[in-house]
$ cat run36.cif   # mmCIF, C-alpha atoms and all ligand atoms
data_target
loop_
_atom_site.label_atom_id
_atom_site.label_comp_id
_atom_site.auth_asym_id
_atom_site.auth_seq_id
_atom_site.Cartn_x
_atom_site.Cartn_y
_atom_site.Cartn_z
CA MET A 5 97.54 77.72 50.33
CA LYS A 6 99.41 74.43 50.76
CA ASN A 7 97.84 71.43 52.44
CA THR A 8 98.06 72.42 56.10
CA PRO A 9 97.35 70.45 59.30
CA ILE A 10 94.31 72.63 60.05
CA ASP A 11 91.64 72.95 57.36
CA SER A 12 92.36 76.33 55.77
CA GLU A 13 88.74 76.86 54.75
CA VAL A 14 87.69 76.74 58.43
CA VAL A 15 90.57 78.98 59.51
CA ASN A 16 89.71 81.59 56.86
CA ARG A 17 86.03 81.54 57.74
CA LYS A 18 86.61 81.80 61.49
CA ILE A 19 89.03 84.69 61.02
CA LYS A 20 86.43 86.46 58.89
CA GLU A 21 83.65 85.84 61.42
CA SER A 22 85.82 87.05 64.30
CA ASN A 23 86.26 90.50 62.72
CA ILE A 24 89.99 90.29 63.45
CA LYS A 25 91.70 92.18 60.64
CA GLU A 26 95.08 90.55 61.08
CA VAL A 27 95.63 87.57 63.36
CA GLY A 28 99.20 88.64 63.96
CA LYS A 29 98.00 91.92 65.48
CA ALA A 30 95.25 90.52 67.68
CA SER A 31 95.39 90.68 71.48
CA ILE A 32 96.00 87.56 73.58
CA ARG A 33 92.33 87.18 74.45
CA GLU A 34 91.20 87.65 70.82
CA ILE A 35 93.60 84.95 69.69
CA LYS A 36 92.41 82.65 72.45
CA LYS A 37 88.80 83.05 71.37
CA LEU A 38 89.61 82.49 67.69
CA ILE A 39 91.61 79.34 68.40
CA ASP A 40 88.90 77.98 70.74
CA GLN A 41 86.44 78.30 67.85
CA ILE A 42 88.71 76.71 65.24
CA GLU A 43 89.41 73.83 67.62
CA ALA A 44 85.71 73.34 68.29
CA GLU A 45 84.83 73.17 64.59
CA THR A 46 87.75 71.09 63.31
CA GLY A 47 88.17 68.86 66.36
CA GLU A 48 91.95 69.42 65.97
CA LYS A 49 93.96 70.38 69.05
CA PHE A 50 96.27 73.35 68.68
CA ILE A 51 99.64 73.70 70.37
CA ARG A 52 98.46 76.55 72.61
CA MET A 53 101.31 78.91 73.33
CA GLU A 54 99.45 82.23 73.51
CA MET A 55 98.40 82.64 77.12
CA GLY A 56 100.66 82.87 80.17
CA ILE A 57 98.48 80.91 82.54
CA PRO A 58 99.82 78.37 84.98
CA GLY A 59 99.34 74.80 83.82
CA LEU A 60 99.72 73.08 87.20
CA PRO A 61 97.39 72.16 90.09
CA PRO A 62 97.10 74.76 92.87
CA ASN A 63 99.43 74.68 95.81
CA GLN A 64 97.99 72.34 98.45
CA PHE A 65 99.47 74.15 101.47
CA GLY A 66 97.55 77.18 100.25
CA VAL A 67 94.29 75.38 99.57
CA GLN A 68 94.27 73.69 102.98
CA ALA A 69 95.10 76.85 104.92
CA GLN A 70 92.43 78.72 103.02
CA ILE A 71 89.76 76.07 103.68
CA ASP A 72 90.67 76.01 107.38
CA SER A 73 90.36 79.79 107.62
CA LEU A 74 86.99 79.79 105.86
CA GLN A 75 85.71 77.16 108.25
CA LYS A 76 86.81 79.36 111.11
CA GLY A 77 84.61 82.13 109.73
CA VAL A 78 87.02 84.70 108.24
CA ALA A 79 84.69 85.25 105.27
CA ALA A 80 82.45 87.36 107.51
CA ILE A 81 85.21 89.66 108.70
CA TYR A 82 86.93 92.58 106.93
CA PRO A 83 90.67 91.94 106.83
CA ASP A 84 93.04 94.72 107.87
CA ILE A 85 93.91 96.85 104.85
CA GLN A 86 97.63 96.49 105.46
CA GLY A 87 97.25 92.69 105.63
CA ILE A 88 96.87 90.19 108.43
CA SER A 89 99.75 90.19 110.83
CA VAL A 90 100.80 86.53 110.43
CA LEU A 91 101.03 86.94 106.66
CA LYS A 92 103.06 90.15 106.92
CA GLN A 93 105.55 88.40 109.20
CA GLU A 94 105.76 85.46 106.80
CA ILE A 95 106.33 87.68 103.73
CA SER A 96 109.13 89.44 105.60
CA LEU A 97 110.67 86.05 106.42
CA PHE A 98 110.20 84.88 102.83
CA VAL A 99 112.12 87.82 101.36
CA LYS A 100 114.85 87.25 103.96
CA ASN A 101 115.04 83.54 103.14
CA PHE A 102 114.88 83.74 99.36
CA LEU A 103 116.21 87.22 98.47
CA ASN A 104 118.43 87.74 101.53
CA ILE A 105 116.97 91.18 102.17
CA ASP A 106 115.59 92.74 105.34
CA VAL A 107 112.16 94.31 105.10
CA ASP A 108 110.03 95.19 108.08
CA PRO A 109 106.67 93.33 108.06
CA GLU A 110 105.01 96.76 107.97
CA GLY A 111 106.15 97.24 104.33
CA CYS A 112 105.02 93.73 103.30
CA LEU A 113 101.53 94.19 101.86
CA PRO A 114 99.18 91.61 100.36
CA THR A 115 97.40 92.84 97.21
CA VAL A 116 94.68 91.49 94.92
CA GLY A 117 97.17 89.81 92.62
CA SER A 118 100.41 91.48 91.74
CA MET A 119 98.23 93.30 89.23
CA GLN A 120 96.68 95.41 92.00
CA GLY A 121 100.10 95.97 93.55
CA SER A 122 101.37 97.54 90.34
CA PHE A 123 98.19 99.60 89.91
CA ALA A 124 98.57 101.00 93.43
CA ALA A 125 102.28 101.66 92.94
CA PHE A 126 101.77 103.45 89.61
CA LEU A 127 99.09 105.62 91.16
CA LEU A 128 101.16 106.61 94.16
CA LEU A 129 104.49 107.02 92.39
CA SER A 130 102.96 109.36 89.82
CA ARG A 131 102.22 111.75 92.72
CA ILE A 132 105.40 111.79 94.77
CA TYR A 133 106.87 114.72 92.84
CA ASP A 134 104.90 117.53 91.19
CA GLN A 135 107.80 118.03 88.80
CA ARG A 136 108.13 114.43 87.59
CA ASN A 137 105.39 112.80 85.59
CA THR A 138 106.81 109.77 83.76
CA THR A 139 107.45 106.06 84.40
CA LEU A 140 110.23 104.40 82.43
CA PHE A 141 109.62 100.86 81.17
CA ILE A 142 112.63 98.69 80.52
CA ASP A 143 110.99 96.66 77.78
CA PRO A 144 109.94 94.18 76.48
CA GLY A 145 107.26 94.02 79.12
CA PHE A 146 103.91 92.87 80.35
CA PRO A 147 101.29 94.71 78.21
CA VAL A 148 98.78 95.07 81.10
CA HIS A 149 101.17 97.41 82.96
CA LYS A 150 100.92 99.83 80.06
CA MET A 151 97.17 99.37 80.01
CA GLN A 152 97.15 100.37 83.69
CA HIS A 153 99.06 103.52 82.80
CA ARG A 154 96.61 104.35 80.05
CA VAL A 155 93.50 103.94 82.21
CA LEU A 156 95.11 106.03 84.93
CA GLY A 157 96.07 108.68 82.39
CA LEU A 158 99.74 108.36 83.32
CA LYS A 159 102.73 109.05 81.11
CA TYR A 160 105.40 106.50 80.36
CA GLU A 161 108.43 106.11 78.15
CA THR A 162 109.99 102.86 77.07
CA PHE A 163 113.00 101.35 75.40
CA ASP A 164 113.80 97.82 74.26
CA VAL A 165 116.72 96.52 76.32
CA TYR A 166 117.83 94.15 73.53
CA ASN A 167 120.65 96.47 72.42
CA TYR A 168 121.49 97.76 75.90
CA ARG A 169 122.62 94.77 77.88
CA GLY A 170 125.59 94.98 80.24
CA GLU A 171 127.44 98.29 80.60
CA ALA A 172 125.42 99.79 77.73
CA LEU A 173 122.44 99.86 80.08
CA ARG A 174 124.09 102.55 82.21
CA GLU A 175 124.29 105.19 79.52
CA LYS A 176 120.85 104.39 78.21
CA LEU A 177 119.20 104.70 81.64
CA GLU A 178 121.15 107.83 82.41
CA SER A 179 119.91 109.41 79.18
CA TYR A 180 116.37 109.22 80.64
CA PHE A 181 117.08 109.73 84.33
CA SER A 182 119.19 112.84 83.82
CA GLN A 183 116.31 114.71 82.15
CA GLY A 184 114.53 114.99 85.50
CA HIS A 185 111.04 113.87 84.49
CA ILE A 186 111.21 110.18 85.50
CA HIS A 187 109.89 109.21 88.95
CA SER A 188 110.13 105.43 88.64
CA VAL A 189 111.31 102.58 86.48
CA ILE A 190 109.79 99.12 85.96
CA TYR A 191 110.92 95.79 84.53
CA SER A 192 110.15 92.14 85.10
CA ASN A 193 112.89 89.67 85.99
CA PRO A 194 112.81 86.91 84.70
CA ASN A 195 111.29 88.87 81.88
CA ASN A 196 107.87 88.37 80.42
CA PRO A 197 107.91 87.97 77.37
CA SER A 198 111.56 87.32 76.52
CA TRP A 199 112.76 85.33 79.56
CA ILE A 200 115.97 87.33 79.70
CA CYS A 201 117.26 87.72 83.27
CA PHE A 202 119.32 90.70 84.31
CA THR A 203 122.79 89.84 85.53
CA GLU A 204 124.06 91.05 88.92
CA ASN A 205 126.06 93.64 87.02
CA GLU A 206 122.95 95.00 85.32
CA LEU A 207 120.94 95.04 88.56
CA LYS A 208 123.80 96.93 90.18
CA ILE A 209 123.71 99.52 87.39
CA ILE A 210 119.95 99.97 87.80
CA GLY A 211 120.25 100.22 91.59
CA GLU A 212 123.17 102.68 91.56
CA LEU A 213 121.44 104.99 89.10
CA ALA A 214 118.16 104.80 91.03
CA THR A 215 120.01 106.04 94.11
CA LYS A 216 121.94 108.68 92.17
CA TYR A 217 118.82 110.19 90.55
CA ASP A 218 116.43 109.34 93.39
CA ILE A 219 114.20 107.18 91.24
CA VAL A 220 112.06 104.33 92.58
CA VAL A 221 112.66 100.92 91.03
CA MET A 222 109.68 98.60 90.65
CA GLU A 223 111.02 95.09 90.25
CA ASP A 224 108.36 92.67 89.07
CA LEU A 225 109.24 89.19 90.29
CA ALA A 226 106.17 87.47 88.80
CA TYR A 227 108.40 84.49 87.97
CA PHE A 228 110.18 84.37 91.31
CA GLY A 229 113.05 81.90 91.41
CA MET A 230 112.18 80.50 88.00
CA ASP A 231 115.56 81.07 86.35
CA PHE A 232 116.32 77.37 86.61
CA ARG A 233 120.02 77.75 85.73
CA LYS A 234 120.53 78.29 89.47
CA ASP A 235 118.80 76.64 92.40
CA TYR A 236 117.16 79.39 94.47
CA SER A 237 114.96 76.98 96.37
CA HIS A 238 116.66 76.57 99.76
CA PRO A 239 115.50 78.98 102.47
CA GLY A 240 118.26 81.00 104.05
CA GLU A 241 120.97 79.57 101.78
CA PRO A 242 122.67 81.10 98.75
CA PRO A 243 122.23 81.46 95.86
CA TYR A 244 119.35 83.89 96.29
CA GLN A 245 116.97 85.22 93.66
CA PRO A 246 118.91 88.22 92.28
CA SER A 247 117.32 91.57 93.04
CA VAL A 248 117.91 95.29 92.70
CA ALA A 249 117.12 95.42 96.42
CA ASN A 250 120.78 94.58 97.00
CA TYR A 251 121.87 97.76 95.24
CA THR A 252 119.45 100.52 96.25
CA ASP A 253 117.06 101.42 99.06
CA ASN A 254 114.54 102.91 96.60
CA TYR A 255 112.63 99.80 95.65
CA ILE A 256 109.25 98.17 95.48
CA LEU A 257 108.97 94.46 94.68
CA PHE A 258 105.92 92.83 93.14
CA ILE A 259 105.84 89.14 93.98
CA SER A 260 103.02 87.24 92.34
CA SER A 261 101.76 83.95 93.70
CA SER A 262 100.19 83.05 90.34
CA LYS A 263 103.08 81.30 88.62
CA ALA A 264 105.61 80.30 91.28
CA PHE A 265 102.86 78.93 93.58
CA SER A 266 100.22 78.09 90.92
CA TYR A 267 97.75 80.29 92.78
CA ALA A 268 96.48 82.61 90.05
CA GLY A 269 92.80 82.01 90.75
CA GLU A 270 92.84 83.45 94.26
CA ARG A 271 94.22 86.78 93.04
CA ILE A 272 96.74 87.34 95.79
CA GLY A 273 100.18 88.85 95.45
CA MET A 274 102.75 90.69 97.54
CA LEU A 275 103.81 94.31 97.38
CA VAL A 276 107.08 94.71 99.26
CA VAL A 277 108.22 98.26 99.96
CA SER A 278 111.75 98.87 101.25
CA ASP A 279 111.97 100.23 104.80
CA VAL A 280 113.58 103.44 103.59
CA LEU A 281 110.87 104.13 101.02
CA PHE A 282 108.04 103.07 103.32
CA ASN A 283 109.13 105.57 105.96
CA ARG A 284 110.00 108.35 103.56
CA LYS A 285 108.05 111.58 103.34
CA PHE A 286 107.21 113.30 100.05
CA GLU A 287 105.74 116.75 100.54
CA ASP A 288 103.95 116.72 97.17
CA LEU A 289 101.83 113.77 98.26
CA LEU A 290 99.84 116.22 100.35
CA ASN A 291 98.18 117.43 97.12
CA PHE A 292 96.33 114.11 97.00
CA TYR A 293 96.68 112.41 100.38
CA VAL A 294 96.20 113.36 104.00
CA SER A 295 99.73 112.25 104.80
CA ASP A 296 103.12 112.90 103.21
CA GLY A 297 104.30 109.42 104.31
CA PHE A 298 104.86 106.99 101.44
CA GLY A 299 103.86 103.83 103.33
CA TYR A 300 100.86 105.47 104.99
CA SER A 301 99.65 106.83 101.63
CA MET A 302 100.13 103.44 100.02
CA VAL A 303 98.01 101.62 102.60
CA PHE A 304 95.40 104.15 103.72
CA GLY A 305 95.36 106.39 100.66
CA THR A 306 95.71 103.92 97.79
CA ILE A 307 94.96 100.26 98.65
CA TYR A 308 92.07 101.38 100.88
CA PRO A 309 90.07 103.13 98.14
CA LEU A 310 90.98 100.46 95.57
CA SER A 311 89.67 97.37 97.38
CA SER A 312 89.94 97.89 101.16
CA GLY A 313 92.54 95.17 101.35
CA THR A 314 92.78 91.64 100.03
CA SER A 315 90.47 88.63 100.47
CA HIS A 316 90.79 87.38 104.04
CA SER A 317 90.90 83.66 103.24
CA ALA A 318 93.33 84.14 100.35
CA GLN A 319 95.68 85.85 102.79
CA TYR A 320 95.58 82.74 104.96
CA GLY A 321 96.14 80.63 101.84
CA LEU A 322 99.27 82.61 100.99
CA TYR A 323 100.35 82.42 104.60
CA GLY A 324 100.09 78.60 104.38
CA ILE A 325 102.23 78.54 101.23
CA LEU A 326 104.89 80.89 102.53
CA SER A 327 105.25 79.26 105.92
CA ALA A 328 105.71 75.85 104.24
CA ALA A 329 108.34 77.37 101.90
CA ASN A 330 110.08 79.21 104.76
CA GLN A 331 110.29 76.04 106.82
CA GLY A 332 111.70 74.10 103.85
CA LYS A 333 108.64 71.82 103.76
CA PHE A 334 107.67 72.88 100.29
CA ASN A 335 110.16 73.34 97.47
CA PHE A 336 108.25 75.70 95.19
CA ILE A 337 110.92 75.62 92.50
CA ASP A 338 110.71 71.83 92.11
CA ASP A 339 107.01 72.15 91.39
CA VAL A 340 107.47 74.55 88.46
CA LYS A 341 110.72 73.23 86.94
CA ILE A 342 108.63 71.37 84.41
CA TYR A 343 108.16 74.66 82.51
CA GLY A 344 111.90 74.85 81.94
CA GLU A 345 112.11 71.20 80.89
CA LYS A 346 109.37 71.75 78.32
CA ALA A 347 111.01 74.95 77.04
CA LYS A 348 114.25 73.08 76.43
CA VAL A 349 112.57 70.53 74.14
CA MET A 350 110.33 73.08 72.44
CA LYS A 351 113.21 75.45 71.68
CA ARG A 352 115.19 72.56 70.19
CA LEU A 353 112.28 71.64 67.93
CA PHE A 354 111.92 75.23 66.73
CA LEU A 355 115.67 75.54 66.07
CA GLU A 356 115.79 72.23 64.17
CA ASN A 357 113.13 73.48 61.82
CA GLY A 358 114.60 76.75 60.62
CA PHE A 359 113.35 79.04 63.43
CA LYS A 360 115.57 81.31 65.53
CA ILE A 361 115.42 82.35 69.17
CA VAL A 362 115.09 86.17 69.26
CA TYR A 363 116.17 87.12 72.79
CA ASP A 364 118.86 84.51 73.22
CA LYS A 365 121.50 85.88 75.64
CA ASP A 366 122.01 87.31 79.12
CA GLU A 367 125.19 89.30 78.45
CA ASN A 368 127.46 86.39 77.43
CA ASP A 369 125.36 83.45 78.61
CA PRO A 370 122.55 81.71 76.73
CA ILE A 371 119.20 82.55 78.34
CA ALA A 372 117.46 80.14 80.68
CA ASP A 373 114.73 77.72 79.71
CA GLY A 374 111.54 78.73 81.45
CA PHE A 375 107.95 79.88 81.17
CA TYR A 376 108.37 81.81 77.89
CA PHE A 377 110.69 82.01 74.93
CA THR A 378 110.74 84.13 71.78
CA PHE A 379 111.20 82.93 68.23
CA SER A 380 111.25 84.14 64.63
CA TYR A 381 111.41 82.69 61.12
CA PRO A 382 113.74 84.14 58.47
CA GLY A 383 112.14 86.43 55.92
CA MET A 384 108.92 87.11 57.86
CA ASP A 385 107.86 89.63 60.43
CA GLY A 386 106.01 88.46 63.53
CA VAL A 387 102.60 89.50 62.28
CA GLU A 388 102.95 87.55 59.03
CA LEU A 389 104.45 84.55 60.84
CA LEU A 390 101.69 84.38 63.44
CA GLY A 391 99.06 84.65 60.72
CA LYS A 392 100.57 81.63 58.95
CA LEU A 393 101.20 79.50 62.04
CA VAL A 394 97.48 79.31 62.77
CA TYR A 395 97.05 77.07 59.69
CA TYR A 396 99.63 74.73 61.22
CA GLY A 397 97.82 74.46 64.54
CA LEU A 398 100.23 76.71 66.45
CA SER A 399 99.11 79.75 68.43
CA ALA A 400 101.19 82.42 70.19
CA ILE A 401 101.39 86.23 70.44
CA SER A 402 103.40 88.79 68.54
CA LEU A 403 106.17 90.67 70.39
CA ALA A 404 104.85 93.84 68.80
CA ILE A 405 102.38 94.29 71.69
CA THR A 406 105.10 94.04 74.37
CA GLY A 407 107.19 97.12 73.61
CA SER A 408 109.78 95.00 71.80
CA GLU A 409 111.46 96.46 68.73
CA ARG A 410 112.10 92.95 67.38
CA ILE A 411 109.19 93.03 64.98
CA GLU A 412 110.14 89.60 63.67
CA GLY A 413 109.48 88.07 67.07
CA ILE A 414 106.78 85.88 68.57
CA ARG A 415 106.33 84.93 72.22
CA ALA A 416 105.64 81.30 73.05
CA CYS A 417 104.42 80.23 76.47
CA THR A 418 105.29 76.70 77.56
CA SER A 419 102.74 76.27 80.33
CA LEU A 420 99.74 74.84 78.48
CA VAL A 421 101.68 72.64 76.06
CA LYS A 422 101.52 68.99 77.09
CA GLU A 423 104.52 66.73 76.68
CA ASP A 424 102.44 64.31 74.61
CA GLN A 425 101.99 67.13 72.06
CA PHE A 426 105.72 67.35 71.29
CA GLY A 427 105.31 64.85 68.41
CA ASP A 428 102.62 67.06 66.87
CA LEU A 429 104.71 70.16 67.45
CA ALA A 430 107.70 68.59 65.67
CA TYR A 431 105.53 67.46 62.74
CA ARG A 432 103.83 70.85 62.33
CA LEU A 433 107.08 72.80 62.53
CA ARG A 434 108.70 70.47 60.00
CA LEU A 435 105.79 70.92 57.60
CA PHE A 436 105.87 74.70 58.04
CA ASN A 437 109.57 74.73 57.26
CA GLU A 438 109.08 72.53 54.18
CA HIS A 439 106.40 74.89 52.90
CA HIS A 440 108.28 78.11 53.61
CA GLY A 441 111.95 77.11 53.76
CA SER A 442 112.97 78.25 50.31
CA LYS A 443 111.48 81.70 50.84
C1 LIG B 1 105.34 90.15 84.37
C2 LIG B 1 104.03 89.93 85.05
N1 LIG B 1 103.66 90.75 86.04
C3 LIG B 1 102.50 90.59 86.69
C4 LIG B 1 101.63 89.57 86.35
C5 LIG B 1 100.32 89.47 87.07
O1 LIG B 1 100.41 88.70 88.20
P1 LIG B 1 99.14 88.39 89.13
O2 LIG B 1 98.47 87.19 88.58
O3 LIG B 1 99.74 88.14 90.49
O4 LIG B 1 98.26 89.60 89.14
C6 LIG B 1 101.97 88.69 85.32
C7 LIG B 1 101.04 87.63 84.92
O5 LIG B 1 101.11 87.06 83.86
C8 LIG B 1 103.20 88.88 84.66
O6 LIG B 1 103.58 88.10 83.65
#
$ encode --input "run36.cif" --output "structure tokens"
Amino acid sequence: MKNTPIDSEVVNRKIKESNIKEVGKASIREIKKLIDQIEAETGEKFIRMEMGIPGLPPNQFGVQAQIDSLQKGVAAIYPDIQGISVLKQEISLFVKNFLNIDVDPEGCLPTVGSMQGSFAAFLLLSRIYDQRNTTLFIDPGFPVHKMQHRVLGLKYETFDVYNYRGEALREKLESYFSQGHIHSVIYSNPNNPSWICFTENELKIIGELATKYDIVVMEDLAYFGMDFRKDYSHPGEPPYQPSVANYTDNYILFISSSKAFSYAGERIGMLVVSDVLFNRKFEDLLNFYVSDGFGYSMVFGTIYPLSSGTSHSAQYGLYGILSAANQGKFNFIDDVKIYGEKAKVMKRLFLENGFKIVYDKDENDPIADGFYFTFSYPGMDGVELLGKLVYYGLSAISLAITGSERIEGIRACTSLVKEDQFGDLAYRLRLFNEHHGSK
């Protein structure tokens, strides 16, 4: 082992003590724990790129509205399961202002993080048709969604979209949809982990096929508006955050407040169900629910038994955030642009030192700079690369756990990296390249 920025004796010992067989195959939380311990013993700070947690202070409109509501006593009162009325109205206005879509407040549901929204949706969608039992993941994707499928005992299939961008997506999707076993399809846009964003053309393909085969599209907008190549920040004015909702009536949107509003701690998100789907009846639901209505079964048959609604004060917090955004008092995109600015510098440093960006294009355009990016190093797979980077004080996760077929790839998250660490990042990448460049 060459002379590395982090003492290799400590790294080896901590890996051994952690019982992790291969660092490159460890989960995000295992890597976090290992790096915490190496940092504590060596006193060296890592460039922490493993966890997708927001690195900004919480939204103040939210905090204030939440404090006010607590002082008024909402903590003592059960909130309505379908959400408090003022918030439902505000979500409906928000999707009109920033997506340019019309959704009745009835279908705008607060959930305990977007995480609960997806759990509820997976549960309900798996029961709308007796004859269809599978969700399709357009990957790479957020590993916890697959974990939710596993704990629910639900079937899913997946493909890596890397080779199916543009028109090629049509045939690929049709090859699944036409078999008749798929009830729904899910993807995130912008995408965690790769930060690819579907083009309007691709969203149109997804929407058209969803209508043709009567499949529900779950569009995960966890990084709402954060494709910084366009300015989606002005309420009621184009351009709008692109969405499949413009191309089909069969949709559910998951809108997280964790990243776009830096509100992860309060665990509140939005589940937005199209009017058509909300009011639709599926006879097979009667096997599990008292009603065949999709919206009714979502609220009173699914969210009710999961958590009986969402924290009362957090709903007021989200209401405070959304009403400020809707009135143009709070530009939520300006607050998070810093992630894109950091990604731009970090990607340059990686490229200058022999690394490559793995998912690098949206059809013909270079991908945006944002919360995540993916990288690789010639001659190594992601597992080997990640295992070596630890000795250089760099931590991230392998794409192997995201449904990606790019086994050479690593996901880097920009949020926790501080700008004053760029010098260290450059030095460590340069040293890594010097040590491995001739490989
Ligand atoms: C793609 C994606 N979906 C959903 C979530 C979860 O969001 P929330 O914090 O609102 O539960 C995340 C969080 O990292 C995410 O990256």
$ residues_around --input "run36.cif" --residues "A:Gln93" --least-positions-apart "5" --cutoff "12 Å" --atoms "only C-alpha atoms" --output "list in words"
Gln86, Gly87, Ile88, Phe98, Val99, Lys100, Asp106, Val107, Asp108, Pro109, Glu110, Gly111, Cys112, Leu113, Pro114, Val276, Leu322, Tyr323, Leu326, Ser327 and Asn330 of chain A
$ residues_near_ligand --input "run36.cif" --ligand "ligand LIG 1 (chain B)" --cutoff "9 Å" --atoms "only C-alpha atoms and all ligand atoms" --output "short mmCIF file (atom, residue, chain, number, x, y, z; two decimals) with C-alpha atoms, in the coordinates of the input"
data_model
loop_
_atom_site.label_atom_id
_atom_site.label_comp_id
_atom_site.auth_asym_id
_atom_site.auth_seq_id
_atom_site.Cartn_x
_atom_site.Cartn_y
_atom_site.Cartn_z
CA MET A 55 98.40 82.64 77.12
CA GLY A 56 100.66 82.87 80.17
CA ILE A 57 98.48 80.91 82.54
CA PRO A 58 99.82 78.37 84.98
CA THR A 115 97.40 92.84 97.21
CA VAL A 116 94.68 91.49 94.92
CA GLY A 117 97.17 89.81 92.62
CA SER A 118 100.41 91.48 91.74
CA MET A 119 98.23 93.30 89.23
CA GLN A 120 96.68 95.41 92.00
CA GLY A 121 100.10 95.97 93.55
CA SER A 122 101.37 97.54 90.34
CA GLY A 145 107.26 94.02 79.12
CA PHE A 146 103.91 92.87 80.35
CA PRO A 147 101.29 94.71 78.21
CA VAL A 148 98.78 95.07 81.10
CA HIS A 149 101.17 97.41 82.96
CA TYR A 191 110.92 95.79 84.53
CA SER A 192 110.15 92.14 85.10
CA ASN A 193 112.89 89.67 85.99
CA PRO A 194 112.81 86.91 84.70
CA ASN A 195 111.29 88.87 81.88
CA ASN A 196 107.87 88.37 80.42
CA PRO A 197 107.91 87.97 77.37
CA ASP A 224 108.36 92.67 89.07
CA LEU A 225 109.24 89.19 90.29
CA ALA A 226 106.17 87.47 88.80
CA TYR A 227 108.40 84.49 87.97
CA PHE A 258 105.92 92.83 93.14
CA ILE A 259 105.84 89.14 93.98
CA SER A 260 103.02 87.24 92.34
CA SER A 261 101.76 83.95 93.70
CA SER A 262 100.19 83.05 90.34
CA LYS A 263 103.08 81.30 88.62
CA TYR A 267 97.75 80.29 92.78
CA ALA A 268 96.48 82.61 90.05
CA GLY A 269 92.80 82.01 90.75
CA GLU A 270 92.84 83.45 94.26
CA ARG A 271 94.22 86.78 93.04
CA ILE A 272 96.74 87.34 95.79
CA GLY A 273 100.18 88.85 95.45
CA MET A 274 102.75 90.69 97.54
#
$ closest_residue --input "run36.cif" --among "A:Ile337, A:Gly391, A:Glu54, A:Leu74" --to "A:Ser31" --atoms "all atoms listed in the file"
A:Glu54
$ residues_around --input "run36.cif" --residues "A:Arg169" --least-positions-apart "2" --cutoff "12 Å" --atoms "only C-alpha atoms" --output "ChimeraX atom specification"
/A:142-143,163-167,171-177,200-207,209-210,363-369
$ closest_residue --input "run36.cif" --among "A:Phe426, A:Phe292, A:Thr406, A:Arg434" --to "A:Lys150" --atoms "all atoms listed in the file"
A:Thr406
$ atom_distance --input "run36.cif" --atom1 "atom CA of A:Gln135" --atom2 "atom CA of A:Tyr168"
27.7 Å
$ residues_around --input "run36.cif" --residues "A:Asn101" --least-positions-apart "6" --cutoff "9 Å" --atoms "only C-alpha atoms" --output "JSON, numbers by chain"
{"A": [238, 239, 240, 241, 244, 330]}
$ residues_near_point --input "run36.cif" --point "(104.5, 112.7, 101.9)" --cutoff "6 Å" --atoms "all atoms listed in the file" --output "ChimeraX atom specification"
/A:285-287,289,295-298
$ write_last_selection --input "run36.cif" --atoms "C-alpha atoms" --output "mmCIF file, in the coordinates of the input"
data_model
loop_
_atom_site.group_PDB
_atom_site.id
_atom_site.type_symbol
_atom_site.label_atom_id
_atom_site.label_comp_id
_atom_site.auth_asym_id
_atom_site.auth_seq_id
_atom_site.Cartn_x
_atom_site.Cartn_y
_atom_site.Cartn_z
ATOM 1 C CA LYS A 285 108.050 111.580 103.340
ATOM 2 C CA PHE A 286 107.210 113.300 100.050
ATOM 3 C CA GLU A 287 105.740 116.750 100.540
ATOM 4 C CA LEU A 289 101.830 113.770 98.260
ATOM 5 C CA SER A 295 99.730 112.250 104.800
ATOM 6 C CA ASP A 296 103.120 112.900 103.210
ATOM 7 C CA GLY A 297 104.300 109.420 104.310
ATOM 8 C CA PHE A 298 104.860 106.990 101.440
#
$ atom_distance --input "run36.cif" --atom1 "atom CA of A:Ser182" --atom2 "atom CA of A:Phe141"
15.6 Å
$ atom_distance --input "run36.cif" --atom1 "atom CA of A:Gln68" --atom2 "atom CA of A:Ile95"
18.5 Å
$ closest_residue --input "run36.cif" --among "A:Ala69, A:Met53, A:Ile35, A:Val90" --to "A:Leu420" --atoms "all atoms listed in the file"
A:Met53
$ axis_aligned_box --input "run36.cif" --around "stretch 166-173 of chain A" --padding-each-side "4 Å" --output "JSON"
{"center_x": 122.6, "center_y": 97.0, "center_z": 76.5, "size_x": 17.6, "size_y": 13.7, "size_z": 16.2}
$ closest_residue --input "run36.cif" --among "A:Ile32, A:Ser188, A:Leu257, A:Ser247" --to "A:Val277" --atoms "only C-alpha atoms"
A:Leu257
$ residues_around --input "run36.cif" --residues "A:Gly59" --least-positions-apart "6" --cutoff "12 Å" --atoms "all atoms listed in the file" --output "number ranges by chain"
A: 52-53, 262-269, 339-343, 346, 375, 417-423
$ closest_residue --input "run36.cif" --among "A:Arg154, A:Lys216, A:Lys348, A:Arg284" --to "A:Glu178" --atoms "only C-alpha atoms"
A:Lys216
$ residues_around --input "run36.cif" --residues "A:Phe359" --least-positions-apart "6" --cutoff "12 Å" --atoms "all atoms listed in the file" --output "list in words"
Met350, Lys351, Arg352, Leu353, Thr378, Phe379, Ser380, Tyr381, Pro382, Gly383, Met384, Gly386, Leu389, Glu412, Gly413, Ile414, Leu433, Arg434, Phe436, Asn437, His440 and Gly441 of chain A
$ closest_residue --input "run36.cif" --among "A:Ile42, A:Ile51, A:Val362, A:Ala124" --to "A:Val15" --atoms "only C-alpha atoms"
A:Ile42
